[in-house]
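A.B. asks: What follows is a single structure, and I will ask about it in a moment.
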Amino acid sequence: MTKAAKSWQSRMAQAQDQLAIDFVESISIDHRLYKYDIVGSIAHAQMLSEQYLITKTDFQQIKKGLNEIAQKIESGKFKFDKSCEDIHMVIEAALIKLIGEPAKKLHTGRSRNDQVALDMRLWMRDKIADLDDLLADLQRAFVTQAQKQGQIVMPSYTHLQRAQPILSGNYLLAFVEQFQRDRDRLQDALKRVNVCPLGAGAVAGSSLPLDRQRVAEILGFPAITRNSIDTIADRDFCVEFLFACATVAMHLSRFAEDWIIYCSQEFSFIRIADAFCTGSSMMPQKRNPDMCELIRGKTGQLYGNLIALMTMVKGQPLTYNRDMQEDKKQLFDAADTIEASITMATAIVAHTTFNAEKIQANLDAGFLDATALAEYLVNKGIPFRQAHQIVGKLVSQAETQNLSLAQLTLTELQQACDKIQPDVAQYLTAANVTKNYATAGAAGREQLNEQLKCWKKSLA
Ligand code: ARG
């Protein structure tokens with residue numbers, strides 16, 4: 001490379017070694033930030049001109065030049081020069097080449113340290129909006145299925161053992177809650193992302209009369225950071241973003257795990273459409289849930305992104321260190337991966353049918369109505385601990401005869417407890433139990449309708 005290609009070159013007696021050029025460059029990764037770098041530079045230049053640090057004409061030329069560069073990048077005709085290190089230096093060098101003198105004033109009162117913090121915050125603001133849209137789509141897919149296939153009585157599980165009966169709709173809406181918390185978490189993180197760092201300079205700010213509030217206003221930030229030293233050292237917003245993404249991945253992974261189990265021959269609760277399954281190269285009969293497995297598998301990568309970043313930050317003396325350049329690898333990787341997984345999950349949810357008959361056929365197994373029977377006894381005045389024991393014995397008795405609780409005779413039931421009346425029939429069987437759920441948020445029909453109403457409104 002030519003000795004003067006880098007803006008800081010004049011201080012060095014030697015040109016940079018090619019090995020070092022290749023090692024230090026980040027343009028191969030941070031070229032994705034070009035839009036934000038340009039928008040940030042235009043805002044900075046506008047402020048500089050309003051503060052009479054550059055002329056109006058300088059600003060107009062800088063703006064025009066930067067927009068031209070943006071267009072060139074978008075059309076794919078721009079060559080990102082590795083010897084210019086990163087997106088900030090690449091664009092500045094291109095601008096100098098394009099418009100000459102005025103471009104040399106653009107970096108007034110600015111460092112790449114506050115510039116990169118700005119670019120990342122702008123990128124993340126957009127990314128959070130994208131993720132919010134994708135997560136809302138996913139929620140809508142679950143809600144649509146809860147409306148279409150939500151009335152099936154099915155078992156719930158604790159310890160992967162049959163627990164209490166629920167409606168498929170309540171089950172589906174459980175995921176909607178998880179993804180709502182993820183959306184809320186991202187919105188909360190946004191509060192700390194959405195603060196303008198520009199003007200913090202290299203670390204200590206500047207002696208020039210920069211108007212930081214004005215830059216924030218132009219870029220739509222509701223506030224500016226308070227302390228320049230912290231501003232340059234801070235990567236908390238990146239950590240929070242990665243944690244939010246990792247949590248989305250964790251939720252997606254649990255969903256995927258459920259559906260992998262549910263589409264097995266042994267369960268046969270659901271059928272994922274052929275279009276979202278794969279076959280086997282050897283076993284002709286196979287229909288494998290590979291998409292779900294990949295969603296589950298990619299979760300490890302997202303946890304890795306978070307841990308990599310936290311580890312990268314923890315040993316750094318205040319403030320900026322070049323280690324920080326590595327943050328983008330983790331952030332872009334996490335964003336790309338989670339976007340792909342959410343999109344895939346949305347398609348899977350939309351293209352899955354519940355096997356109502358299969359689920360129904362085996363509903364008598366596992367004593368799903370045992371808790372409801374104990375609560376029936378509570379209503380007849382029996383202390384719950386005693387009711388639990390009575391039903392426990394009945395379950396054991398029915399199990400040895402290979403019967404369900406509803407198949408025991410009234411006499412058999414009354415032998416266990418004389419408080420049992422013929423009305424007990426309305427409280428037994430999984431289907432009856434779902435009709436009797438009374439608590440707010442329970443897995444019954446009424447509660448399902450209430451939740452559906454609320455989601456349809458908030459996701460409209
Ligand atoms: N490419 C660098 C990064 O991503 C920009 C900041 C460089 N600052 C510096 N003082 N060398 O972190």
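Following the order of the structure tokens, chains are lettered A, B, ..., residues in each are numbered from 1, and ligands are numbered from 1.
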Taking a cut-off of 12 Å and counting only C-alpha atoms, can you build a table that, for each residue of segment 165-185 of chain A near segment 116-131 of chain A, reports the nearest atom pair and how far apart they are in Å (one decimal), sorted by chain then residue number, as CSV?
C.D. replies:
residue,atom,partner,partner_atom,distance
A:Phe179,CA,A:Leu131,CA,10.7
A:Gln180,CA,A:Leu131,CA,11.7
A:Asp182,CA,A:Leu131,CA,9.6
A:Arg183,CA,A:Leu131,CA,8.0
A:Asp184,CA,A:Ile128,CA,10.7
A:Arg185,CA,A:Ile128,CA,10.2
A.B. asks: Extract, using only C-alpha atoms, all DNA, RNA and protein residues at most 9 Å from Ile390 of chain A, discarding same-chain residues fewer than 5 positions from it, and format them as a list in words.
C.D. replies: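 With the cut-off at 9 Å, the set is Ala374, Arg385, Val395, Ala416 and Cys417 of chain A.
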A.B. asks: Produce a table with one row for each residue of chain A that has an atom at most 9 Å from any atom of ligand 1, each row naming the nearest atom pair and its distance in Å at one decimal; use only C-alpha atoms and all ligand atoms; arrange rows by chain and rising residue number; format as JSON lines.
C.D. replies:
{"residue": "A:Val24", "atom": "CA", "partner": "ligand 1", "partner_atom_place_in_ligand_line": "1 (N)", "distance": 8.3}
{"residue": "A:Glu25", "atom": "CA", "partner": "ligand 1", "partner_atom_place_in_ligand_line": "1 (N)", "distance": 7.3}
{"residue": "A:Ser26", "atom": "CA", "partner": "ligand 1", "partner_atom_place_in_ligand_line": "1 (N)", "distance": 5.8}
{"residue": "A:Ile27", "atom": "CA", "partner": "ligand 1", "partner_atom_place_in_ligand_line": "1 (N)", "distance": 7.7}
{"residue": "A:Asp30", "atom": "CA", "partner": "ligand 1", "partner_atom_place_in_ligand_line": "4 (O)", "distance": 7.4}
{"residue": "A:Glu85", "atom": "CA", "partner": "ligand 1", "partner_atom_place_in_ligand_line": "1 (N)", "distance": 6.9}
{"residue": "A:Asp86", "atom": "CA", "partner": "ligand 1", "partner_atom_place_in_ligand_line": "1 (N)", "distance": 5.0}
{"residue": "A:Ile87", "atom": "CA", "partner": "ligand 1", "partner_atom_place_in_ligand_line": "1 (N)", "distance": 7.2}
{"residue": "A:His88", "atom": "CA", "partner": "ligand 1", "partner_atom_place_in_ligand_line": "5 (C)", "distance": 7.2}
{"residue": "A:Met89", "atom": "CA", "partner": "ligand 1", "partner_atom_place_in_ligand_line": "1 (N)", "distance": 8.6}
{"residue": "A:Ser111", "atom": "CA", "partner": "ligand 1", "partner_atom_place_in_ligand_line": "8 (N)", "distance": 7.2}
{"residue": "A:Arg112", "atom": "CA", "partner": "ligand 1", "partner_atom_place_in_ligand_line": "6 (C)", "distance": 4.5}
{"residue": "A:Asn113", "atom": "CA", "partner": "ligand 1", "partner_atom_place_in_ligand_line": "6 (C)", "distance": 4.8}
{"residue": "A:Asp114", "atom": "CA", "partner": "ligand 1", "partner_atom_place_in_ligand_line": "6 (C)", "distance": 7.9}
{"residue": "A:Gln115", "atom": "CA", "partner": "ligand 1", "partner_atom_place_in_ligand_line": "6 (C)", "distance": 7.4}
{"residue": "A:Val116", "atom": "CA", "partner": "ligand 1", "partner_atom_place_in_ligand_line": "5 (C)", "distance": 5.4}
{"residue": "A:Ala117", "atom": "CA", "partner": "ligand 1", "partner_atom_place_in_ligand_line": "12 (O)", "distance": 8.2}
{"residue": "A:Ala202", "atom": "CA", "partner": "ligand 1", "partner_atom_place_in_ligand_line": "10 (N)", "distance": 7.1}
{"residue": "A:Tyr320", "atom": "CA", "partner": "ligand 1", "partner_atom_place_in_ligand_line": "10 (N)", "distance": 6.8}
{"residue": "A:Asn321", "atom": "CA", "partner": "ligand 1", "partner_atom_place_in_ligand_line": "10 (N)", "distance": 7.0}
{"residue": "A:Arg322", "atom": "CA", "partner": "ligand 1", "partner_atom_place_in_ligand_line": "12 (O)", "distance": 5.7}
{"residue": "A:Asp323", "atom": "CA", "partner": "ligand 1", "partner_atom_place_in_ligand_line": "12 (O)", "distance": 7.3}
{"residue": "A:Met324", "atom": "CA", "partner": "ligand 1", "partner_atom_place_in_ligand_line": "12 (O)", "distance": 5.1}
{"residue": "A:Gln325", "atom": "CA", "partner": "ligand 1", "partner_atom_place_in_ligand_line": "12 (O)", "distance": 3.6}
{"residue": "A:Glu326", "atom": "CA", "partner": "ligand 1", "partner_atom_place_in_ligand_line": "4 (O)", "distance": 7.0}
{"residue": "A:Asp327", "atom": "CA", "partner": "ligand 1", "partner_atom_place_in_ligand_line": "4 (O)", "distance": 7.6}
{"residue": "A:Lys328", "atom": "CA", "partner": "ligand 1", "partner_atom_place_in_ligand_line": "4 (O)", "distance": 7.2}
A.B. asks: Store the residues picked out above, limited to N, CA, C and O atoms, as a short mmCIF file (atom, residue, chain, number, x, y, z; two decimals), in the first residue's frame.
C.D. replies:
data_model
loop_
_atom_site.label_atom_id
_atom_site.label_comp_id
_atom_site.auth_asym_id
_atom_site.auth_seq_id
_atom_site.Cartn_x
_atom_site.Cartn_y
_atom_site.Cartn_z
N VAL A 24 -5.25 -6.28 11.30
CA VAL A 24 -5.97 -5.21 12.00
C VAL A 24 -7.27 -4.80 11.29
O VAL A 24 -8.15 -4.20 11.88
N GLU A 25 -7.39 -5.16 10.04
CA GLU A 25 -8.55 -4.67 9.28
C GLU A 25 -9.85 -5.24 9.81
O GLU A 25 -9.90 -6.37 10.31
N SER A 26 -10.90 -4.44 9.71
CA SER A 26 -12.22 -4.94 10.07
C SER A 26 -13.23 -4.64 8.96
O SER A 26 -14.41 -4.95 9.10
N ILE A 27 -12.73 -4.06 7.88
CA ILE A 27 -13.64 -3.66 6.80
C ILE A 27 -14.40 -4.88 6.24
O ILE A 27 -15.54 -4.76 5.82
N ASP A 30 -17.08 -4.86 9.09
CA ASP A 30 -17.88 -3.68 9.43
C ASP A 30 -18.35 -2.87 8.20
O ASP A 30 -18.98 -1.83 8.36
N GLU A 85 -8.25 -0.13 6.68
CA GLU A 85 -8.66 -0.67 7.99
C GLU A 85 -10.14 -0.93 8.19
O GLU A 85 -10.57 -2.05 8.31
N ASP A 86 -10.89 0.17 8.35
CA ASP A 86 -12.28 -0.06 8.74
C ASP A 86 -13.23 0.85 7.97
O ASP A 86 -12.80 1.71 7.20
N ILE A 87 -14.50 0.67 8.21
CA ILE A 87 -15.52 1.41 7.45
C ILE A 87 -15.36 2.92 7.60
O ILE A 87 -15.59 3.67 6.65
N HIS A 88 -14.92 3.35 8.77
CA HIS A 88 -14.79 4.80 9.01
C HIS A 88 -13.70 5.40 8.13
O HIS A 88 -13.89 6.43 7.49
N MET A 89 -12.55 4.71 8.09
CA MET A 89 -11.44 5.22 7.29
C MET A 89 -11.66 5.01 5.80
O MET A 89 -11.23 5.82 4.98
N SER A 111 -13.56 11.16 16.88
CA SER A 111 -12.58 10.06 16.87
C SER A 111 -13.31 8.84 16.31
O SER A 111 -14.53 8.77 16.35
N ARG A 112 -12.56 7.86 15.86
CA ARG A 112 -13.22 6.61 15.48
C ARG A 112 -13.85 5.96 16.71
O ARG A 112 -14.74 5.14 16.59
N ASN A 113 -13.34 6.34 17.88
CA ASN A 113 -13.88 5.72 19.10
C ASN A 113 -15.34 6.10 19.35
O ASN A 113 -16.16 5.23 19.68
N ASP A 114 -15.65 7.38 19.21
CA ASP A 114 -17.07 7.73 19.38
C ASP A 114 -17.85 7.43 18.10
O ASP A 114 -19.05 7.13 18.14
N GLN A 115 -17.15 7.46 16.98
CA GLN A 115 -17.81 7.17 15.70
C GLN A 115 -18.31 5.71 15.66
O GLN A 115 -19.44 5.44 15.25
N VAL A 116 -17.47 4.80 16.11
CA VAL A 116 -17.86 3.39 16.05
C VAL A 116 -18.99 3.11 17.05
O VAL A 116 -19.91 2.34 16.78
N ALA A 117 -18.92 3.80 18.19
CA ALA A 117 -19.99 3.63 19.19
C ALA A 117 -21.31 4.12 18.60
O ALA A 117 -22.37 3.50 18.79
N ALA A 202 -12.20 10.89 21.39
CA ALA A 202 -11.35 9.72 21.59
C ALA A 202 -11.55 9.16 22.99
O ALA A 202 -11.52 7.96 23.20
N TYR A 320 -11.11 2.74 25.46
CA TYR A 320 -11.12 1.98 24.22
C TYR A 320 -9.86 1.13 24.09
O TYR A 320 -8.75 1.57 24.40
N ASN A 321 -10.04 -0.08 23.64
CA ASN A 321 -8.93 -0.95 23.25
C ASN A 321 -9.36 -1.65 21.98
O ASN A 321 -10.56 -1.89 21.77
N ARG A 322 -8.38 -2.03 21.18
CA ARG A 322 -8.74 -2.56 19.87
C ARG A 322 -9.50 -3.89 19.98
O ARG A 322 -10.18 -4.30 19.03
N ASP A 323 -9.41 -4.52 21.15
CA ASP A 323 -10.21 -5.73 21.37
C ASP A 323 -11.66 -5.50 20.93
O ASP A 323 -12.33 -6.39 20.42
N MET A 324 -12.10 -4.29 21.20
CA MET A 324 -13.52 -3.97 20.99
C MET A 324 -13.98 -4.15 19.56
O MET A 324 -15.16 -4.35 19.29
N GLN A 325 -13.03 -4.06 18.66
CA GLN A 325 -13.38 -4.25 17.25
C GLN A 325 -14.03 -5.62 17.01
O GLN A 325 -14.82 -5.79 16.10
N GLU A 326 -13.66 -6.56 17.86
CA GLU A 326 -14.19 -7.92 17.71
C GLU A 326 -15.68 -8.02 18.06
O GLU A 326 -16.32 -9.04 17.80
N ASP A 327 -16.23 -6.98 18.68
CA ASP A 327 -17.64 -7.04 19.08
C ASP A 327 -18.57 -7.24 17.89
O ASP A 327 -19.57 -7.95 17.97
N LYS A 328 -18.19 -6.62 16.76
CA LYS A 328 -19.08 -6.66 15.59
C LYS A 328 -19.28 -8.08 15.06
O LYS A 328 -20.37 -8.44 14.63
#
A.B. asks: Could you name the residues that touch Leu172 of chain A at 7 Å or less, counting only C-alpha atoms, but leaving out those on the same chain fewer than 3 positions away, as a list of chain:residue names?
C.D. replies: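 Those residues are A:Phe142, A:Ala146, A:Ser168, A:Gly169, A:Phe175.
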A.B. asks: Would you please work out which residue, of A:Tyr157, A:Tyr262, A:Tyr34, A:Phe59, is nearest to Lys72 of chain A when using only C-alpha atoms?
C.D. replies: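 The closest residue to Lys72 of chain A is A:Tyr34.
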A.B. asks: When you look at Asn362 of chain A with a cut-off of 10 Å (counting only C-alpha atoms), what residues show up, excluding the ones that are within fewer than 6 positions of it in the same chain? I need them as a VMD selection string.
C.D. replies: chain A and resid 154 to 155 267
A.B. asks: Take the residues from that selection and write them out as a PDB file, in the first residue's frame, keeping all heavy atoms.
C.D. replies:
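To be explicit, this is the file written out as selection29.pdb:
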ATOM      1  N   MET A 154     -55.434 -31.793  25.336  1.00  0.00           N
ATOM      2  CA  MET A 154     -54.171 -32.545  25.262  1.00  0.00           C
ATOM      3  C   MET A 154     -53.513 -32.579  26.640  1.00  0.00           C
ATOM      4  O   MET A 154     -53.881 -31.817  27.526  1.00  0.00           O
ATOM      5  CB  MET A 154     -53.235 -31.916  24.213  1.00  0.00           C
ATOM      6  CG  MET A 154     -52.790 -30.499  24.533  1.00  0.00           C
ATOM      7  SD  MET A 154     -51.712 -29.789  23.254  1.00  0.00           S
ATOM      8  CE  MET A 154     -50.096 -30.391  23.794  1.00  0.00           C
ATOM      9  N   PRO A 155     -52.559 -33.465  26.820  1.00  0.00           N
ATOM     10  CA  PRO A 155     -51.884 -33.485  28.119  1.00  0.00           C
ATOM     11  C   PRO A 155     -50.859 -32.360  28.230  1.00  0.00           C
ATOM     12  O   PRO A 155     -50.275 -31.960  27.223  1.00  0.00           O
ATOM     13  CB  PRO A 155     -51.160 -34.840  28.131  1.00  0.00           C
ATOM     14  CG  PRO A 155     -51.156 -35.323  26.733  1.00  0.00           C
ATOM     15  CD  PRO A 155     -52.086 -34.526  25.915  1.00  0.00           C
ATOM     16  N   PHE A 267     -45.138 -40.013  20.136  1.00  0.00           N
ATOM     17  CA  PHE A 267     -46.134 -38.996  20.525  1.00  0.00           C
ATOM     18  C   PHE A 267     -47.184 -38.817  19.431  1.00  0.00           C
ATOM     19  O   PHE A 267     -48.371 -38.872  19.705  1.00  0.00           O
ATOM     20  CB  PHE A 267     -45.446 -37.660  20.826  1.00  0.00           C
ATOM     21  CG  PHE A 267     -45.013 -37.509  22.248  1.00  0.00           C
ATOM     22  CD1 PHE A 267     -43.884 -38.162  22.722  1.00  0.00           C
ATOM     23  CD2 PHE A 267     -45.741 -36.715  23.122  1.00  0.00           C
ATOM     24  CE1 PHE A 267     -43.478 -38.024  24.048  1.00  0.00           C
ATOM     25  CE2 PHE A 267     -45.342 -36.570  24.444  1.00  0.00           C
ATOM     26  CZ  PHE A 267     -44.208 -37.229  24.912  1.00  0.00           C
TER      27      PHE A 267
END
A.B. asks: Skipping near chain neighbours, those fewer than 5 positions away, what residues fall within 9 Å of Ser228 of chain A using only C-alpha atoms, listed as a PDB file with N, CA and C atoms, in the first residue's frame?
C.D. replies:
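Writing done, so here's around.pdb:
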ATOM      1  N   ASP A 114     -15.647   7.384  19.211  1.00  0.00           N
ATOM      2  CA  ASP A 114     -17.067   7.734  19.381  1.00  0.00           C
ATOM      3  C   ASP A 114     -17.852   7.431  18.102  1.00  0.00           C
ATOM      4  N   PRO A 197     -23.618   8.895  21.530  1.00  0.00           N
ATOM      5  CA  PRO A 197     -22.262   8.961  22.085  1.00  0.00           C
ATOM      6  C   PRO A 197     -21.384  10.006  21.395  1.00  0.00           C
ATOM      7  N   GLY A 199     -19.323  13.025  20.136  1.00  0.00           N
ATOM      8  CA  GLY A 199     -18.852  14.182  20.880  1.00  0.00           C
ATOM      9  C   GLY A 199     -17.976  13.752  22.048  1.00  0.00           C
ATOM     10  N   ALA A 200     -18.052  12.465  22.388  1.00  0.00           N
ATOM     11  CA  ALA A 200     -17.156  11.942  23.421  1.00  0.00           C
ATOM     12  C   ALA A 200     -15.729  11.895  22.889  1.00  0.00           C
ATOM     13  N   GLY A 201     -15.603  11.957  21.569  1.00  0.00           N
ATOM     14  CA  GLY A 201     -14.287  12.011  20.936  1.00  0.00           C
ATOM     15  C   GLY A 201     -13.498  10.739  21.167  1.00  0.00           C
ATOM     16  N   ALA A 202     -12.202  10.890  21.387  1.00  0.00           N
ATOM     17  CA  ALA A 202     -11.348   9.722  21.591  1.00  0.00           C
ATOM     18  C   ALA A 202     -11.549   9.157  22.990  1.00  0.00           C
ATOM     19  N   VAL A 203     -11.793  10.045  23.952  1.00  0.00           N
ATOM     20  CA  VAL A 203     -12.053   9.625  25.337  1.00  0.00           C
ATOM     21  C   VAL A 203     -12.510  10.786  26.222  1.00  0.00           C
ATOM     22  N   ALA A 204     -11.984  11.993  25.945  1.00  0.00           N
ATOM     23  CA  ALA A 204     -12.191  13.099  26.883  1.00  0.00           C
ATOM     24  C   ALA A 204     -13.021  14.240  26.315  1.00  0.00           C
ATOM     25  N   GLY A 205     -13.646  14.012  25.145  1.00  0.00           N
ATOM     26  CA  GLY A 205     -14.404  15.098  24.549  1.00  0.00           C
ATOM     27  C   GLY A 205     -13.495  16.005  23.738  1.00  0.00           C
ATOM     28  N   ALA A 233     -15.742   3.580  26.707  1.00  0.00           N
ATOM     29  CA  ALA A 233     -15.449   2.253  27.262  1.00  0.00           C
ATOM     30  C   ALA A 233     -16.654   1.323  27.208  1.00  0.00           C
TER      31      ALA A 233
END
A.B. asks: Pick out the closest residue to Ala70 of chain A from this set: A:Lys35, A:Lys82, A:Asp234, A:Glu50. Count only C-alpha atoms.
C.D. replies: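 Distance minimum relative to Ala70 of chain A lands on A:Lys35.
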A.B. asks: Could you check the closest approach to Leu210 of chain A for each of A:Ser83, A:Gln60, A:Leu53, A:Arg235 and tell me which residue wins, using only C-alpha atoms?
C.D. replies: A:Leu53
A.B. asks: Within 9 Å of Leu377 of chain A, counting only C-alpha atoms, which residues qualify if same-chain residues fewer than 3 places away don't, as a list of chain:residue names?
C.D. replies: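 My list of contacting residues is A:Ala372, A:Leu373, A:Ala374, A:Lys380, A:Gly381, A:Ile382, A:Pro383, A:Phe384, A:Ala387, A:His388, A:Cys417, A:Lys419, A:Ile420.
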A.B. asks: When DSSP works through the backbone of this structure, what residues of segment 116-223 of chain A end up as strand (DSSP E), shown as JSON, numbers by chain?
C.D. replies: {"A": [153, 154, 155, 156, 157, 158, 161, 162, 163, 164, 165, 166, 167, 195, 196, 223]}
A.B. asks: Take the selection from the previous step and output its residues with N, CA, C and O atoms, as an mmCIF file, in the first residue's frame.
C.D. replies:
data_model
loop_
_atom_site.group_PDB
_atom_site.id
_atom_site.type_symbol
_atom_site.label_atom_id
_atom_site.label_comp_id
_atom_site.auth_asym_id
_atom_site.auth_seq_id
_atom_site.Cartn_x
_atom_site.Cartn_y
_atom_site.Cartn_z
ATOM 1 N N VAL A 153 -58.150 -31.052 23.397
ATOM 2 C CA VAL A 153 -57.721 -31.355 24.765
ATOM 3 C C VAL A 153 -56.476 -32.229 24.679
ATOM 4 O O VAL A 153 -56.471 -33.249 23.989
ATOM 5 N N MET A 154 -55.434 -31.793 25.336
ATOM 6 C CA MET A 154 -54.171 -32.545 25.262
ATOM 7 C C MET A 154 -53.513 -32.579 26.640
ATOM 8 O O MET A 154 -53.881 -31.817 27.526
ATOM 9 N N PRO A 155 -52.559 -33.465 26.820
ATOM 10 C CA PRO A 155 -51.884 -33.485 28.119
ATOM 11 C C PRO A 155 -50.859 -32.360 28.230
ATOM 12 O O PRO A 155 -50.275 -31.960 27.223
ATOM 13 N N SER A 156 -50.686 -31.855 29.439
ATOM 14 C CA SER A 156 -49.507 -31.018 29.699
ATOM 15 C C SER A 156 -48.495 -31.926 30.398
ATOM 16 O O SER A 156 -48.853 -33.014 30.852
ATOM 17 N N TYR A 157 -47.263 -31.459 30.463
ATOM 18 C CA TYR A 157 -46.205 -32.292 31.045
ATOM 19 C C TYR A 157 -45.422 -31.530 32.098
ATOM 20 O O TYR A 157 -45.142 -30.342 31.935
ATOM 21 N N THR A 158 -45.086 -32.218 33.169
ATOM 22 C CA THR A 158 -44.004 -31.764 34.040
ATOM 23 C C THR A 158 -43.104 -32.992 34.179
ATOM 24 O O THR A 158 -43.617 -34.120 34.233
ATOM 25 N N GLN A 161 -43.661 -36.097 32.224
ATOM 26 C CA GLN A 161 -44.681 -37.070 32.611
ATOM 27 C C GLN A 161 -46.023 -36.362 32.514
ATOM 28 O O GLN A 161 -46.118 -35.159 32.790
ATOM 29 N N ARG A 162 -47.046 -37.113 32.138
ATOM 30 C CA ARG A 162 -48.374 -36.507 32.002
ATOM 31 C C ARG A 162 -48.793 -35.801 33.292
ATOM 32 O O ARG A 162 -48.691 -36.371 34.372
ATOM 33 N N ALA A 163 -49.268 -34.567 33.154
ATOM 34 C CA ALA A 163 -49.597 -33.757 34.330
ATOM 35 C C ALA A 163 -51.100 -33.489 34.383
ATOM 36 O O ALA A 163 -51.861 -34.313 34.884
ATOM 37 N N GLN A 164 -51.544 -32.369 33.824
ATOM 38 C CA GLN A 164 -52.966 -32.026 33.825
ATOM 39 C C GLN A 164 -53.398 -31.760 32.382
ATOM 40 O O GLN A 164 -52.579 -31.376 31.545
ATOM 41 N N PRO A 165 -54.687 -31.918 32.097
ATOM 42 C CA PRO A 165 -55.140 -31.657 30.733
ATOM 43 C C PRO A 165 -55.177 -30.158 30.434
ATOM 44 O O PRO A 165 -55.455 -29.360 31.319
ATOM 45 N N ILE A 166 -54.870 -29.830 29.204
ATOM 46 C CA ILE A 166 -54.899 -28.429 28.762
ATOM 47 C C ILE A 166 -55.508 -28.388 27.368
ATOM 48 O O ILE A 166 -55.668 -29.430 26.723
ATOM 49 N N LEU A 167 -55.817 -27.209 26.909
ATOM 50 C CA LEU A 167 -56.237 -27.067 25.512
ATOM 51 C C LEU A 167 -55.009 -26.713 24.681
ATOM 52 O O LEU A 167 -54.128 -25.979 25.140
ATOM 53 N N VAL A 195 -28.959 6.289 23.010
ATOM 54 C CA VAL A 195 -28.330 7.453 23.636
ATOM 55 C C VAL A 195 -27.142 7.819 22.743
ATOM 56 O O VAL A 195 -26.375 6.944 22.346
ATOM 57 N N CYS A 196 -27.006 9.083 22.419
ATOM 58 C CA CYS A 196 -26.003 9.469 21.417
ATOM 59 C C CYS A 196 -24.601 9.640 22.036
ATOM 60 O O CYS A 196 -24.410 10.441 22.943
ATOM 61 N N ALA A 223 -31.487 11.360 23.895
ATOM 62 C CA ALA A 223 -30.546 11.866 24.900
ATOM 63 C C ALA A 223 -29.107 11.675 24.432
ATOM 64 O O ALA A 223 -28.853 10.932 23.484
#
A.B. asks: Which residue gives the smallest distance to Lys191 of chain A among A:Phe221, A:Glu257, A:Lys79, A:Asp211, with only C-alpha atoms counted?
C.D. replies: A:Phe221
A.B. asks: Quick check, in Å to one decimal: how far apart do atom CA of Gln139 of chain A and atom CA of Leu306 of chain A lie?
C.D. replies: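 Computing the Euclidean distance for atom CA of Gln139 of chain A and atom CA of Leu306 of chain A yields 24.6 Å.
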A.B. asks: With DSSP run on the backbone, what are the alpha helix (DSSP H) residues within segment 176-296 of chain A? I'd like them as a ChimeraX atom specification.
C.D. replies: /A:176-193,212-219,228-233,236-262,290-296
A.B. asks: Counting only C-alpha atoms, what is within 7 Å of segment 214-220 of chain A, bar same-chain residues fewer than 4 positions away, as a list of chain:residue names?
C.D. replies: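 In the requested form, the answer reads A:Ala43, A:His44, A:Met47, A:Cys196, A:Ile224.
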A.B. asks: Work out how far atom CA of Leu403 of chain A is from atom CA of Gln426 of chain A, in Å to one decimal.
C.D. replies: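 Value for the atom CA of Gln426 of chain A-atom CA of Leu403 of chain A distance: 17.7 Å.
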A.B. asks: Would you please work out which residue, of A:Ala350, A:Leu318, A:Val391, A:Cys238, is nearest to Leu331 of chain A when using only C-alpha atoms?
C.D. replies: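 Of the candidates, the smallest distance to Leu331 of chain A is held by A:Cys238.
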A.B. asks: Which residue, A:Ile359, A:Ile338, A:Ile229, A:Ile307, has the smallest gap to Phe269 of chain A when you use only C-alpha atoms?
C.D. replies: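 Going through A:Ile359, A:Ile338, A:Ile229, A:Ile307 one by one, the smallest distance to Phe269 of chain A is for A:Ile359.
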